Amino acid sequence: MREHSDRGSFEGMNDLTNRIVVVGAGIIGVAIAYELQRRGRDVTLLDRAEPGRGASFGNMASIAVTEFMPASRPAIWRQMPKWLIDPEGPVRVRPSYVPRLVPWFLRFLAASRPARLRELEAAGAVLCKRVYEDLEPLLADAGLSDVLGREGCLSLYRDDAEFAADRDHIEILERFGFEHELLGGNAIRDLEPALSTKIGRAVLFPRNRSVRDPHKLVVGLYERFLQRGGRLETGEVAGFERAEGRLRAIRLTDGRSVAAGNVLLCAGAHTGRLAKLVGEPMPLETERGYHTQIMAPGISMRHSIIWPARAFMVTPTAGGIRVGGTVEMAGLDAEPDFRRAKITVKRAREALPDLKVQGTSEWMGHRPALPDTVPVMGPSAKTKGLWYSTGHGHLGLTYAATSARLMADLVTGRTPPVDMRPYRVDRF
């Protein structure tokens, strides 16, 4: 691993515009750094840990182009009281964290107004429509095309009632023209023989392809970034320095400064704390997610599966099978509660009765969650030279290449191919 440090002042550097620091070395930050480098910019990645060890390490490895719809739609929030009182429900809020969550939740409810929902659906659909247009060329350029699987995702339903409860999801996909196929009976088990006969209906999303190992994808992009002259700076941000009306450097907790003409904050759920340092708070929360990686599952799978009524997902990835899907609201600092991971495994075995839970590891990570489900992507409204790309929620892996394309366009002065106003930081 090659590291670079800008120690001391940045005297004599008359024009830092071409010097860019990307804060955050997860899939979003690494993809943006790589794309900016492709466009001839001098880019440094900055993170307090090694690349790809946050949410990018433990996500569900799905390019989930059909999952852009707002979490604030009525079909979801009407179920929340029931979920919250169920100790094994898909959403848990730690009681001690409730007071801090109230302002975020009020914005979440505001995002459920019908007119606002339509705007948010459109903003998400625009991004998901172009995912492969951006992702496949990026992977090809980096020599990483083989990390992307070919099979899609199956959404499972025990019966017609469960399917009807998820009908709003399907209707949104139909409105925006996303490909899907309704399946029943034996056709489901023809695709995935390990599935229980209790599953009476399914929907195949052929474009929701899986990544063979999301952590290796981040590391692969990062290694190519280094090979082409990129740098990694390891440290924790303490503050920012300004000169002549714009951002000029990042101060680290060990006293060093990293000079930059442009700084992109892409630190996932930690971006909110960084934004406060420049006086630009945003309603960014963490949805703590859990997974169990099973390396000796005793079954084989081609497709990922998701069971909406049971709120879990299973993906063949990282050399085994990964089970996840829970949401916990407890902030950035609380200790993990791995009972959440065990709940999703128990539910996964309802769909996969022959699943063996052997050779396992458990993980918890922080998804960056905004109350309207749409990411922040664009310039700071207060500080010249500062940019944001955060709040991708459950779709960080899905949106990574598109975020890289759009942010690189903005930073280099090109006109992006989509209207960026829905993603502005000052929309709240």
# chains A, B, ... in the order shown; residues from 1 in each chain; ligands from 1

$ select_by_dssp --residues "region 139-365 of chain A" --states "strand (DSSP E)" --output "PyMOL selection string"
chain A and resi 153-157+181-184+201-205+231-234+237-243+246-252+257-259+262-265+285-294+304-307+312-317+320-324+327-329+360-365

$ residues_around --residues "Gly413 (chain A)" --least-positions-apart "6" --cutoff "12 Å" --atoms "only C-alpha atoms" --output "PyMOL selection string"
chain A and resi 17-18+36+39+378-379+406-407

$ closest_atom_pairs --of "region 108-167 of chain A" --to "region 310-319 of chain A" --cutoff "10 Å" --atoms "only C-alpha atoms" --output "Markdown table"
| residue | atom | partner | partner_atom | distance |
| --- | --- | --- | --- | --- |
| A:Gly149 | CA | A:Thr317 | CA | 9.6 |
| A:Cys153 | CA | A:Thr315 | CA | 8.7 |
| A:Leu154 | CA | A:Met313 | CA | 9.8 |
| A:Ser155 | CA | A:Met313 | CA | 9.1 |
| A:Leu156 | CA | A:Arg310 | CA | 9.4 |
| A:Tyr157 | CA | A:Arg310 | CA | 9.4 |

$ write_last_selection --atoms "all heavy atoms" --output "short mmCIF file (atom, residue, chain, number, x, y, z; two decimals), in the first residue's frame"
data_model
loop_
_atom_site.label_atom_id
_atom_site.label_comp_id
_atom_site.auth_asym_id
_atom_site.auth_seq_id
_atom_site.Cartn_x
_atom_site.Cartn_y
_atom_site.Cartn_z
N GLY A 149 -21.89 -10.67 -11.55
CA GLY A 149 -22.59 -11.88 -11.93
C GLY A 149 -23.62 -11.62 -13.01
O GLY A 149 -23.93 -10.47 -13.35
N CYS A 153 -32.41 -11.33 -9.30
CA CYS A 153 -32.91 -11.51 -7.93
C CYS A 153 -34.36 -11.98 -7.99
O CYS A 153 -35.14 -11.51 -8.83
CB CYS A 153 -32.82 -10.19 -7.18
SG CYS A 153 -33.50 -10.21 -5.50
N LEU A 154 -34.73 -12.88 -7.09
CA LEU A 154 -36.10 -13.34 -6.95
C LEU A 154 -36.72 -12.72 -5.70
O LEU A 154 -36.18 -12.84 -4.60
CB LEU A 154 -36.13 -14.86 -6.82
CG LEU A 154 -35.87 -15.68 -8.08
CD1 LEU A 154 -35.61 -17.14 -7.72
CD2 LEU A 154 -37.03 -15.57 -9.05
N SER A 155 -37.86 -12.07 -5.87
CA SER A 155 -38.64 -11.58 -4.73
C SER A 155 -39.73 -12.62 -4.43
O SER A 155 -40.49 -13.01 -5.33
CB SER A 155 -39.27 -10.23 -5.07
OG SER A 155 -39.91 -9.67 -3.95
N LEU A 156 -39.79 -13.07 -3.19
CA LEU A 156 -40.59 -14.24 -2.82
C LEU A 156 -41.88 -13.85 -2.07
O LEU A 156 -41.89 -12.91 -1.28
CB LEU A 156 -39.78 -15.17 -1.92
CG LEU A 156 -38.39 -15.58 -2.42
CD1 LEU A 156 -37.73 -16.50 -1.39
CD2 LEU A 156 -38.45 -16.25 -3.78
N TYR A 157 -42.93 -14.64 -2.32
CA TYR A 157 -44.22 -14.44 -1.66
C TYR A 157 -44.84 -15.80 -1.36
O TYR A 157 -44.90 -16.67 -2.23
CB TYR A 157 -45.17 -13.63 -2.57
CG TYR A 157 -44.53 -12.36 -3.09
CD1 TYR A 157 -43.87 -12.35 -4.32
CD2 TYR A 157 -44.53 -11.20 -2.33
CE1 TYR A 157 -43.25 -11.21 -4.79
CE2 TYR A 157 -43.91 -10.04 -2.80
CZ TYR A 157 -43.27 -10.05 -4.03
OH TYR A 157 -42.65 -8.92 -4.49
#

$ closest_residue --among "A:Met364, A:Ala238, A:Leu173, A:Arg201" --to "Asn186 (chain A)" --atoms "only C-alpha atoms"
A:Arg201

$ select_by_dssp --residues "region 12-248 of chain A" --states "alpha helix (DSSP H)" --output "PDB file with C-alpha atoms, in the first residue's frame"
ATOM      1  CA  ILE A  27     -17.241   2.071  -2.845  1.00  0.00           C
ATOM      2  CA  ILE A  28     -18.612   5.589  -3.414  1.00  0.00           C
ATOM      3  CA  GLY A  29     -15.373   7.400  -2.611  1.00  0.00           C
ATOM      4  CA  VAL A  30     -13.104   4.955  -4.432  1.00  0.00           C
ATOM      5  CA  ALA A  31     -15.289   4.995  -7.557  1.00  0.00           C
ATOM      6  CA  ILE A  32     -15.338   8.804  -7.599  1.00  0.00           C
ATOM      7  CA  ALA A  33     -11.564   9.003  -7.054  1.00  0.00           C
ATOM      8  CA  TYR A  34     -10.988   6.525  -9.864  1.00  0.00           C
ATOM      9  CA  GLU A  35     -13.268   8.409 -12.278  1.00  0.00           C
ATOM     10  CA  LEU A  36     -11.677  11.783 -11.490  1.00  0.00           C
ATOM     11  CA  GLN A  37      -8.261  10.248 -12.033  1.00  0.00           C
ATOM     12  CA  ARG A  38      -9.408   8.930 -15.427  1.00  0.00           C
ATOM     13  CA  ALA A  55     -20.499  -0.611   4.727  1.00  0.00           C
ATOM     14  CA  SER A  56     -18.830  -1.568   1.437  1.00  0.00           C
ATOM     15  CA  PHE A  57     -17.387  -4.654   3.131  1.00  0.00           C
ATOM     16  CA  GLY A  58     -20.667  -6.097   4.354  1.00  0.00           C
ATOM     17  CA  PRO A  74     -47.391   4.572   3.121  1.00  0.00           C
ATOM     18  CA  ALA A  75     -47.061   0.820   2.541  1.00  0.00           C
ATOM     19  CA  ILE A  76     -43.907   0.945   4.666  1.00  0.00           C
ATOM     20  CA  TRP A  77     -44.547   3.468   7.414  1.00  0.00           C
ATOM     21  CA  MET A  80     -43.784   0.538  11.459  1.00  0.00           C
ATOM     22  CA  PRO A  81     -45.791   0.510  14.731  1.00  0.00           C
ATOM     23  CA  LYS A  82     -46.214  -3.263  14.371  1.00  0.00           C
ATOM     24  CA  TRP A  83     -42.539  -3.729  13.469  1.00  0.00           C
ATOM     25  CA  LEU A  84     -41.295  -1.587  16.336  1.00  0.00           C
ATOM     26  CA  ILE A  85     -43.158  -3.520  19.031  1.00  0.00           C
ATOM     27  CA  VAL A  98     -35.364   7.864  20.268  1.00  0.00           C
ATOM     28  CA  PRO A  99     -34.968  11.559  21.311  1.00  0.00           C
ATOM     29  CA  ARG A 100     -32.139  12.096  18.827  1.00  0.00           C
ATOM     30  CA  LEU A 101     -34.137  10.410  16.071  1.00  0.00           C
ATOM     31  CA  VAL A 102     -37.285  12.571  16.362  1.00  0.00           C
ATOM     32  CA  PRO A 103     -36.194  15.390  13.962  1.00  0.00           C
ATOM     33  CA  TRP A 104     -35.117  12.829  11.349  1.00  0.00           C
ATOM     34  CA  PHE A 105     -38.389  10.926  11.686  1.00  0.00           C
ATOM     35  CA  LEU A 106     -40.458  14.093  11.235  1.00  0.00           C
ATOM     36  CA  ARG A 107     -38.648  14.710   7.939  1.00  0.00           C
ATOM     37  CA  PHE A 108     -39.281  11.068   7.050  1.00  0.00           C
ATOM     38  CA  LEU A 109     -43.027  11.592   7.533  1.00  0.00           C
ATOM     39  CA  ALA A 110     -42.896  14.818   5.498  1.00  0.00           C
ATOM     40  CA  PRO A 114     -48.144  11.998  -2.313  1.00  0.00           C
ATOM     41  CA  ALA A 115     -46.675  14.799  -4.432  1.00  0.00           C
ATOM     42  CA  ARG A 116     -43.307  14.508  -2.714  1.00  0.00           C
ATOM     43  CA  LEU A 117     -43.292  10.721  -3.099  1.00  0.00           C
ATOM     44  CA  ARG A 118     -43.702  11.079  -6.863  1.00  0.00           C
ATOM     45  CA  GLU A 119     -40.720  13.437  -6.987  1.00  0.00           C
ATOM     46  CA  LEU A 120     -38.573  11.088  -4.916  1.00  0.00           C
ATOM     47  CA  GLU A 121     -39.547   8.048  -6.983  1.00  0.00           C
ATOM     48  CA  ALA A 122     -38.542   9.892 -10.142  1.00  0.00           C
ATOM     49  CA  ALA A 123     -35.220  11.018  -8.638  1.00  0.00           C
ATOM     50  CA  GLY A 124     -34.348   7.437  -7.705  1.00  0.00           C
ATOM     51  CA  ALA A 125     -35.553   5.950 -10.989  1.00  0.00           C
ATOM     52  CA  VAL A 126     -33.388   8.349 -13.017  1.00  0.00           C
ATOM     53  CA  LEU A 127     -30.284   7.054 -11.244  1.00  0.00           C
ATOM     54  CA  CYS A 128     -31.242   3.370 -11.436  1.00  0.00           C
ATOM     55  CA  LYS A 129     -32.126   3.603 -15.134  1.00  0.00           C
ATOM     56  CA  VAL A 131     -26.693   2.152 -13.568  1.00  0.00           C
ATOM     57  CA  TYR A 132     -25.283  -0.306 -16.114  1.00  0.00           C
ATOM     58  CA  GLU A 133     -24.558   2.463 -18.606  1.00  0.00           C
ATOM     59  CA  ASP A 134     -22.075   3.771 -16.026  1.00  0.00           C
ATOM     60  CA  LEU A 135     -21.061   0.585 -14.196  1.00  0.00           C
ATOM     61  CA  GLU A 136     -20.059  -1.689 -17.042  1.00  0.00           C
ATOM     62  CA  PRO A 137     -17.630   0.773 -18.701  1.00  0.00           C
ATOM     63  CA  LEU A 138     -16.064   1.568 -15.310  1.00  0.00           C
ATOM     64  CA  LEU A 139     -15.498  -2.114 -14.550  1.00  0.00           C
ATOM     65  CA  ALA A 140     -14.141  -2.745 -18.045  1.00  0.00           C
ATOM     66  CA  ASP A 141     -11.672   0.137 -17.770  1.00  0.00           C
ATOM     67  CA  ALA A 142     -10.437  -1.210 -14.438  1.00  0.00           C
ATOM     68  CA  ASP A 160     -51.515 -13.996  -3.089  1.00  0.00           C
ATOM     69  CA  ALA A 161     -52.007 -11.965   0.090  1.00  0.00           C
ATOM     70  CA  GLU A 162     -48.270 -11.397   0.518  1.00  0.00           C
ATOM     71  CA  PHE A 163     -47.957 -10.490  -3.141  1.00  0.00           C
ATOM     72  CA  ALA A 164     -50.829  -8.001  -2.856  1.00  0.00           C
ATOM     73  CA  ALA A 165     -49.126  -6.370   0.149  1.00  0.00           C
ATOM     74  CA  ARG A 167     -48.128  -4.602  -5.074  1.00  0.00           C
ATOM     75  CA  ASP A 168     -47.246  -0.906  -4.734  1.00  0.00           C
ATOM     76  CA  HIS A 169     -43.576  -1.824  -5.295  1.00  0.00           C
ATOM     77  CA  ILE A 170     -44.433  -3.651  -8.531  1.00  0.00           C
ATOM     78  CA  GLU A 171     -46.688  -0.824  -9.702  1.00  0.00           C
ATOM     79  CA  ILE A 172     -43.891   1.711  -9.272  1.00  0.00           C
ATOM     80  CA  LEU A 173     -41.569  -0.493 -11.329  1.00  0.00           C
ATOM     81  CA  GLU A 174     -44.209  -0.835 -14.027  1.00  0.00           C
ATOM     82  CA  ARG A 175     -44.708   2.925 -14.129  1.00  0.00           C
ATOM     83  CA  PHE A 176     -41.000   3.509 -14.756  1.00  0.00           C
ATOM     84  CA  ASN A 186     -42.599 -25.069 -10.283  1.00  0.00           C
ATOM     85  CA  ALA A 187     -41.145 -22.201 -12.336  1.00  0.00           C
ATOM     86  CA  ILE A 188     -39.721 -20.750  -9.122  1.00  0.00           C
ATOM     87  CA  ARG A 189     -37.950 -23.943  -8.118  1.00  0.00           C
ATOM     88  CA  ASP A 190     -36.739 -24.496 -11.669  1.00  0.00           C
ATOM     89  CA  LEU A 191     -34.640 -21.377 -11.103  1.00  0.00           C
ATOM     90  CA  PRO A 214     -18.145  -6.386  -2.956  1.00  0.00           C
ATOM     91  CA  HIS A 215     -15.045  -5.914  -0.786  1.00  0.00           C
ATOM     92  CA  LYS A 216     -12.787  -7.257  -3.532  1.00  0.00           C
ATOM     93  CA  LEU A 217     -14.466  -4.867  -5.959  1.00  0.00           C
ATOM     94  CA  VAL A 218     -13.533  -1.866  -3.800  1.00  0.00           C
ATOM     95  CA  VAL A 219      -9.996  -3.153  -3.296  1.00  0.00           C
ATOM     96  CA  GLY A 220      -9.615  -3.880  -7.004  1.00  0.00           C
ATOM     97  CA  LEU A 221     -10.646  -0.340  -7.972  1.00  0.00           C
ATOM     98  CA  TYR A 222      -8.395   1.087  -5.274  1.00  0.00           C
ATOM     99  CA  GLU A 223      -5.363  -0.917  -6.425  1.00  0.00           C
ATOM    100  CA  ARG A 224      -5.809   0.313  -9.985  1.00  0.00           C
ATOM    101  CA  PHE A 225      -6.168   3.845  -8.658  1.00  0.00           C
ATOM    102  CA  LEU A 226      -2.787   3.451  -6.947  1.00  0.00           C
ATOM    103  CA  GLN A 227      -1.192   1.901 -10.034  1.00  0.00           C
TER     104      GLN A 227
END

$ atom_distance --atom1 "CA of Thr412 (chain A)" --atom2 "CA of Glu241 (chain A)"
21.8 Å

$ decode --residues "region 105-214 of chain A" --atoms "C-alpha atoms" --output "short mmCIF file (atom, residue, chain, number, x, y, z; two decimals), in the first residue's frame"
data_model
loop_
_atom_site.label_atom_id
_atom_site.label_comp_id
_atom_site.auth_asym_id
_atom_site.auth_seq_id
_atom_site.Cartn_x
_atom_site.Cartn_y
_atom_site.Cartn_z
CA PHE A 105 -38.39 10.93 11.69
CA LEU A 106 -40.46 14.09 11.24
CA ARG A 107 -38.65 14.71 7.94
CA PHE A 108 -39.28 11.07 7.05
CA LEU A 109 -43.03 11.59 7.53
CA ALA A 110 -42.90 14.82 5.50
CA ALA A 111 -41.43 12.80 2.63
CA SER A 112 -44.57 10.63 2.59
CA ARG A 113 -46.81 13.29 1.05
CA PRO A 114 -48.14 12.00 -2.31
CA ALA A 115 -46.67 14.80 -4.43
CA ARG A 116 -43.31 14.51 -2.71
CA LEU A 117 -43.29 10.72 -3.10
CA ARG A 118 -43.70 11.08 -6.86
CA GLU A 119 -40.72 13.44 -6.99
CA LEU A 120 -38.57 11.09 -4.92
CA GLU A 121 -39.55 8.05 -6.98
CA ALA A 122 -38.54 9.89 -10.14
CA ALA A 123 -35.22 11.02 -8.64
CA GLY A 124 -34.35 7.44 -7.71
CA ALA A 125 -35.55 5.95 -10.99
CA VAL A 126 -33.39 8.35 -13.02
CA LEU A 127 -30.28 7.05 -11.24
CA CYS A 128 -31.24 3.37 -11.44
CA LYS A 129 -32.13 3.60 -15.13
CA ARG A 130 -28.52 4.45 -16.00
CA VAL A 131 -26.69 2.15 -13.57
CA TYR A 132 -25.28 -0.31 -16.11
CA GLU A 133 -24.56 2.46 -18.61
CA ASP A 134 -22.08 3.77 -16.03
CA LEU A 135 -21.06 0.58 -14.20
CA GLU A 136 -20.06 -1.69 -17.04
CA PRO A 137 -17.63 0.77 -18.70
CA LEU A 138 -16.06 1.57 -15.31
CA LEU A 139 -15.50 -2.11 -14.55
CA ALA A 140 -14.14 -2.75 -18.04
CA ASP A 141 -11.67 0.14 -17.77
CA ALA A 142 -10.44 -1.21 -14.44
CA GLY A 143 -10.22 -4.80 -15.71
CA LEU A 144 -12.88 -5.90 -13.21
CA SER A 145 -15.79 -6.94 -15.42
CA ASP A 146 -15.70 -10.47 -14.02
CA VAL A 147 -16.83 -9.30 -10.55
CA LEU A 148 -20.37 -8.79 -11.87
CA GLY A 149 -22.59 -11.88 -11.93
CA ARG A 150 -25.17 -12.58 -14.63
CA GLU A 151 -28.18 -13.79 -12.63
CA GLY A 152 -30.91 -11.60 -11.16
CA CYS A 153 -32.91 -11.51 -7.93
CA LEU A 154 -36.10 -13.34 -6.95
CA SER A 155 -38.64 -11.58 -4.73
CA LEU A 156 -40.59 -14.24 -2.82
CA TYR A 157 -44.22 -14.44 -1.66
CA ARG A 158 -45.91 -17.22 0.25
CA ASP A 159 -49.33 -16.53 -1.29
CA ASP A 160 -51.51 -14.00 -3.09
CA ALA A 161 -52.01 -11.97 0.09
CA GLU A 162 -48.27 -11.40 0.52
CA PHE A 163 -47.96 -10.49 -3.14
CA ALA A 164 -50.83 -8.00 -2.86
CA ALA A 165 -49.13 -6.37 0.15
CA ASP A 166 -46.09 -5.66 -2.06
CA ARG A 167 -48.13 -4.60 -5.07
CA ASP A 168 -47.25 -0.91 -4.73
CA HIS A 169 -43.58 -1.82 -5.30
CA ILE A 170 -44.43 -3.65 -8.53
CA GLU A 171 -46.69 -0.82 -9.70
CA ILE A 172 -43.89 1.71 -9.27
CA LEU A 173 -41.57 -0.49 -11.33
CA GLU A 174 -44.21 -0.84 -14.03
CA ARG A 175 -44.71 2.93 -14.13
CA PHE A 176 -41.00 3.51 -14.76
CA GLY A 177 -40.55 0.56 -17.10
CA PHE A 178 -38.24 -1.67 -15.04
CA GLU A 179 -38.04 -5.24 -16.29
CA HIS A 180 -39.61 -7.99 -14.17
CA GLU A 181 -41.30 -11.37 -14.61
CA LEU A 182 -44.06 -12.96 -12.52
CA LEU A 183 -43.47 -16.61 -11.63
CA GLY A 184 -45.44 -19.31 -9.84
CA GLY A 185 -45.20 -22.88 -8.63
CA ASN A 186 -42.60 -25.07 -10.28
CA ALA A 187 -41.15 -22.20 -12.34
CA ILE A 188 -39.72 -20.75 -9.12
CA ARG A 189 -37.95 -23.94 -8.12
CA ASP A 190 -36.74 -24.50 -11.67
CA LEU A 191 -34.64 -21.38 -11.10
CA GLU A 192 -33.72 -22.12 -7.47
CA PRO A 193 -34.31 -25.76 -6.43
CA ALA A 194 -33.35 -25.06 -2.81
CA LEU A 195 -36.41 -22.88 -2.24
CA SER A 196 -39.23 -24.16 -0.05
CA THR A 197 -42.47 -25.34 -1.62
CA LYS A 198 -44.17 -22.87 0.74
CA ILE A 199 -43.20 -20.14 -1.72
CA GLY A 200 -46.21 -19.85 -4.03
CA ARG A 201 -45.30 -16.76 -6.07
CA ALA A 202 -42.19 -14.85 -7.04
CA VAL A 203 -41.05 -11.95 -9.18
CA LEU A 204 -37.79 -12.20 -11.09
CA PHE A 205 -35.80 -8.98 -11.41
CA PRO A 206 -33.23 -9.97 -14.07
CA ARG A 207 -31.33 -6.66 -13.87
CA ASN A 208 -30.69 -6.96 -10.13
CA ARG A 209 -27.39 -8.73 -10.64
CA SER A 210 -25.04 -9.70 -7.83
CA VAL A 211 -21.40 -8.82 -7.25
CA ARG A 212 -19.17 -11.82 -6.60
CA ASP A 213 -17.37 -10.06 -3.73
CA PRO A 214 -18.14 -6.39 -2.96
#
